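Presented below is the structure to which this report refers.
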There are 2 protein chains.
Amino acid sequence: MNFTDSIRQTKKDSFVMASLSHEQRNSALSAVADALEARKSDIFEANRIDLANAEAGSLAAPIISRLKFDEHKLNDVINGIRDLINLPDPVGRTLLQRELDSQLILTKTTCPIGVIGVIFESRPDALVQIASLCLKSGNCSVLKGGSEAKNTNRILFDTIHDAAAASGMPEGFSVLIEDRAGIDQLIKMDEYVDLLIPRGSNAFVQYIMNNSRIPVMGHADGICHVYVDGAASIKKAVPVIIDSKTQYVAACNAAETLLVHRDIAHVLIPALAEASGSSITYKGDEETVSLINCQPSTEEDYSTEYLDYVLTVKIVDSIDEAIDHINRYGSHHTDCIITEDVDSAARFTSLVDSAGVYVNCSTRFADGFRYGFGAEVGISTSKLHARGPVGLDGLVTYKYTLRGEGHIVSDYASGNKEFHFRDL
Amino acid sequence: MNFTDSIRQTKKDSFVMASLSHEQRNSALSAVADALEARKSDIFEANRIDLANAEAGSLAAPIISRLKFDEHKLNDVINGIRDLINLPDPVGRTLLQRELDSQLILTKTTCPIGVIGVIFESRPDALVQIASLCLKSGNCSVLKGGSEAKNTNRILFDTIHDAAAASGMPEGFSVLIEDRAGIDQLIKMDEYVDLLIPRGSNAFVQYIMNNSRIPVMGHADGICHVYVDGAASIKKAVPVIIDSKTQYVAACNAAETLLVHRDIAHVLIPALAEASGSSITYKGDEETVSLINCQPSTEEDYSTEYLDYVLTVKIVDSIDEAIDHINRYGSHHTDCIITEDVDSAARFTSLVDSAGVYVNCSTRFADGFRYGFGAEVGISTSKLHARGPVGLDGLVTYKYTLRGEGHIVSDYASGNKEFHFRDL
C-alpha cells in the first residue's frame, strides 16, 4: 500500500475506532504495555544502534541524552500506559442532555477527533506516549519522530501496532512516517487528516501552519515572563526566577524576560544576580545595566526565545506596563507574577492573555504531567479548542444527537407545537 | 482613527472587556435593549430606505423579506437580549480546580476569546444577535453585514454601540465595517483578531479560509442526508423527508440527498413522491427512475448543495453503504436516520461523522435557537473547538491559573517534593 492509500485507509479505520468500547481500547493498551516489556531487549538493541550512529555523527550531548531509551525510560512509559488505562474514558461522555419537546431529546456527547498527525522530536518515549494517548481517546494516529531515533521508533511502533492490532484495533489505527517527504505529503491531505500537532522549532511549526489547510494545534515559540510586583517577597521571587530560567533552558516554558516593578528593582535585581552567580547571563535596560554587570538589551530581545541561560531584565513603572509588555511581546504561553498583593494577583491573572497565568510559582510547571493529565501531546498557545498542555480532553470533540418520533420543524414554525427546553 | 488603528484599539479593549463583571456586561445589554426600543422609529425609517433601494434595484423577494426590520423583528431581538441577560455567565466558570501539591493550586477557568470578526448576510436582526452574544461573552466584535442593509445596520450598530459604551463598555468593544475592502483588511490582521466567523455562500467562506491565517469557525456548505433504514416507519419517514427538504430550502441544514434501503425503497419512494406532489423535483439512480417520474442523477449531484426544491435519491443495499456515502459526500453538518431499529440507530449515530446525527426527526432542527442556546453566531462543521450550532459556549476559551508560594520545579525533578493531585 502506498502512503496515500495508507492514510486513506486510516481515515476509514477512524470510523471503526470511534465505535470501539472503552474496554476494547483499554485492553489494546494493556496488550501494548505487555508487548513493550516482552520485546525490551530488541528495543534496547535498536536504541544502541541509534546511539552509536548519533555518537559517530557527533550529535550534541543533549540530543544523545534525549535519544537514549533504557530500562528506566521503558518502565516510565509502561507505567504511563498503566496510568492511562485507569483514567476515565474521554469518549462518550454526555456533556448535555435536553428535552426540546416531548420525545425530542438532544444529547451532546464527546467523540474522537478522527485522524491526528503528530510530528515530534527525538525522544523515543514521546512516540509511545502519543500513540497511547491517541489510542485511549479513540483516534487514529500518524506519527513522525526524529530521524536520529529511527531504529528505536521503528521497533517501538511495530511493537505497539502489532499488539494493538492483535487485540482488535483496526490495522490502520496508527501509521509511522519514516521520511521527511512523508510530512509534506501528510500536511496536504486535509481530506483525511483532522488535526496536526507539530512539536519542534519555531521555524518548523510555522512551516506546517503556513503550508497546510489542516487545523494545527501547538505553539510556535515560548516567550514566557516573570513579573516581580512592587509587593513581592524577595525570598520567593529569586528562586522562582532562577528555576523558571534555568531548570531546563531548552523547554518552551522557560522564562526569557524578567519584568521588575521600579519600587523593588534596586533590591531584587542585585539579589538575583548574586544568587544566580555565573549561571545566568543578563541583558538589561539602561537602569538594570547600572545595577548589575550585564549587557544592554534591545527591543529584539523582547521577542527572542533564547533557549539558553540568558535572561532579559526590564524595569517597569506599574503592573499595567508589565501586563501590556507581556500581551504585546509574549507568546501567550505561560507568564507569572510574584506578589503578596491579592489585588495585583487578580489583575494580572485577569488581564494577561496567556494559556497559563501563574502567581508565585515557576513557569516550568506548565506541563501535562505536572498538571496531572498523565502525559500530554503538546502545549497549545491557540485559543481555540485546547489551550495549554493538551491531554486526553484535547483529543476529543463532540457531536449532537437528536432523537425524535417523526418530529418536523414546520410544526414549530407554524406555532402548532412549542419547544419547552428541559435539561435532563 | 483609520481602520487599522481602530482594530488595534479593539484588541487593547478586549483585555478590558475580559476584566468586566457579569453585572457590567448584563447592564450594558439591558441599556442596549432599552435604546433599541427608544430609537425604533429612526430604525424603521432607516430600514424603509434600505427596502426602497432593494426594490428599486430589483433584488429577489426572499432577500427583501430578510432585509425587512419591523416592529415584530425588533420585539424578537429585544426579547432575545432579555433572554440572554438571564442566561448564566459563560465567563469565569471553573472547569477544573486541582491541588497539585500543598499550597499549589491549579484552576482552569473560562475566559473570552478576544476579538471576533463576524461577516454575515443581509438580515439586520443578525447584527443585533451577534453583537449581543459577543458582549455577553466578554468578546469584542468586528461586524460586517450585507450591503443591502447598510442604513439599518448603521443605525442598529450606533444604537448598540452608544448605549453599551455609555454603560461602561470600552469604546472599541464593537466595530462596524461598511465596505467590502474592510473584509480584506480584517482577515489579514491575525495579530489583532482571534477568530473569524463568516456566514454566507460556500465560495465566500472558502475565500476567507484560504486567505486568512486567523482561525475560521463556520461551514462552507451543508450537504445533509436523510437515510431511510429497512426498518423505518413510512408514516414518520415521509413528513420528515419533506420537512428536511422543503421547510426552508435556502438553509444549510436542508437535506440534499435521500438514501433509501433497498428493502423499503419500492414502498417508500412512490409514497414520498405522491405526498410531496410537485413541491419537490427528484433526481435519482437508475432504480429510482424506474419507480417514480424523475431525472437521472450523476455523481456530481451527491456533492451539490441545491438550495432549491430538488432532492437526489439513491437506493443502498445496507446501512453501512449509507454511512459510507454520508461520510464521503456529506459536509459533516447534520444527517438523519429514519428507523424503528435500536441497533441501526446506534450504529448510525456512532459511525456518522457529523456535527448533528439525528434519529427520526427533521435535519432542519440543527439551529441554536431550536437547541435552546438562545441565538447562535453560526453553525460549525469543524471538529475543533465548537461543532454544530455555536452559542455562548463556543465564544469562550479558558486559561489555567496556578497559584503557589514560591514553588519551583527543581524540587519535584530532584525528588525533594512530590505532586499529589487532588481535585478540589
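Quick note on naming: the chains in the C-alpha cells go A, B, ... in the order shown, residues restart at 1 in each chain, and ligands are numbered from 1 in order of appearance.
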Give me, as a tab-separated table, each residue of chain B that comes within 8 Å of chain A, together with its shortest interatomic pair and the distance in Å at one decimal, counting only C-alpha atoms, with rows ordered by chain and rising residue number.
residue	atom	partner	partner_atom	distance
B:Phe15	CA	A:Leu351	CA	5.7
B:Val16	CA	A:Leu351	CA	7.3
B:Ala18	CA	A:Leu351	CA	7.0
B:Ser19	CA	A:Ser350	CA	5.8
B:Leu100	CA	A:Tyr371	CA	6.9
B:Leu106	CA	A:Tyr371	CA	7.4
B:Ile113	CA	A:Lys383	CA	6.5
B:Asp194	CA	A:Lys383	CA	7.7
B:Pro215	CA	A:Leu384	CA	8.0
B:Lys236	CA	A:Gly406	CA	4.6
B:Ala237	CA	A:Gly406	CA	7.0
B:Pro239	CA	A:Ile408	CA	7.1
B:Val240	CA	A:Ile408	CA	5.7
B:Asp243	CA	A:Ile408	CA	5.9
B:Ser244	CA	A:Ile408	CA	7.7
B:Gln247	CA	A:Ser410	CA	6.2
B:Thr349	CA	A:Thr401	CA	7.0
B:Ser350	CA	A:Ser19	CA	5.9
B:Leu351	CA	A:Phe15	CA	5.7
B:Val352	CA	A:Phe15	CA	7.9
B:Asp353	CA	A:Phe15	CA	7.6
B:Ser354	CA	A:Lys399	CA	6.8
B:Ala355	CA	A:Lys399	CA	4.9
B:Gly356	CA	A:Tyr400	CA	4.7
B:Val357	CA	A:Thr401	CA	4.8
B:Tyr358	CA	A:Leu402	CA	4.6
B:Val359	CA	A:Arg403	CA	4.6
B:Asn360	CA	A:Gly406	CA	4.9
B:Cys361	CA	A:His407	CA	4.7
B:Ser362	CA	A:Ile408	CA	5.1
B:Arg364	CA	A:Val409	CA	6.2
B:Phe365	CA	A:Val409	CA	6.3
B:Arg370	CA	A:Phe419	CA	7.5
B:Tyr371	CA	A:Leu100	CA	6.9
B:Gly372	CA	A:Phe421	CA	6.1
B:Lys383	CA	A:Thr397	CA	6.0
B:Leu384	CA	A:His385	CA	5.4
B:His385	CA	A:His385	CA	3.5
B:Ala386	CA	A:His385	CA	7.2
B:Arg387	CA	A:Lys399	CA	7.0
B:Gly388	CA	A:Tyr400	CA	7.4
B:Thr397	CA	A:Lys383	CA	6.0
B:Tyr398	CA	A:Arg387	CA	7.0
B:Lys399	CA	A:Ala355	CA	4.9
B:Tyr400	CA	A:Gly356	CA	4.7
B:Thr401	CA	A:Val357	CA	4.8
B:Leu402	CA	A:Tyr358	CA	4.6
B:Arg403	CA	A:Val359	CA	4.6
B:Gly404	CA	A:Asn360	CA	5.0
B:Glu405	CA	A:Asn360	CA	5.4
B:Gly406	CA	A:Lys236	CA	4.6
B:His407	CA	A:Cys361	CA	4.7
B:Ile408	CA	A:Ser362	CA	5.1
B:Val409	CA	A:Arg364	CA	6.2
B:Ser410	CA	A:Gln247	CA	6.2
B:Phe419	CA	A:Arg370	CA	7.5
B:Phe421	CA	A:Gly372	CA	6.1
As a ChimeraX atom specification, please: every residue in stretch 272-354 of chain A that DSSP puts in alpha helix (DSSP H).
/A:272-276,286-291,319-329,342-351
Name the residues in contact with stretch 151-158 of chain B at a cut-off of 6 Å, using only C-alpha atoms, excluding same-chain residues fewer than 2 positions from it; report them as a ChimeraX atom specification.
/B:46-47,124,149,160-162
Enumerate, as number ranges by chain, the complete set of residues in stretch 164-246 of chain B that a backbone-based DSSP assignment places in strand (DSSP E).
B: 174-177, 195-198, 224-228
Using only C-alpha atoms, which residue out of B:Phe3, B:Tyr227, B:Phe44, B:Tyr192 lies closest to B:Leu74?
B:Phe44
Min atom-atom distance to A:Ser27 from the set A:Val313, A:Ile292, A:Leu84, A:Leu268, counting only C-alpha atoms, belongs to A:Leu84
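If you look at atom CA of A:Met189 and atom CA of B:Phe348, they are 25.8 Å away from each other.
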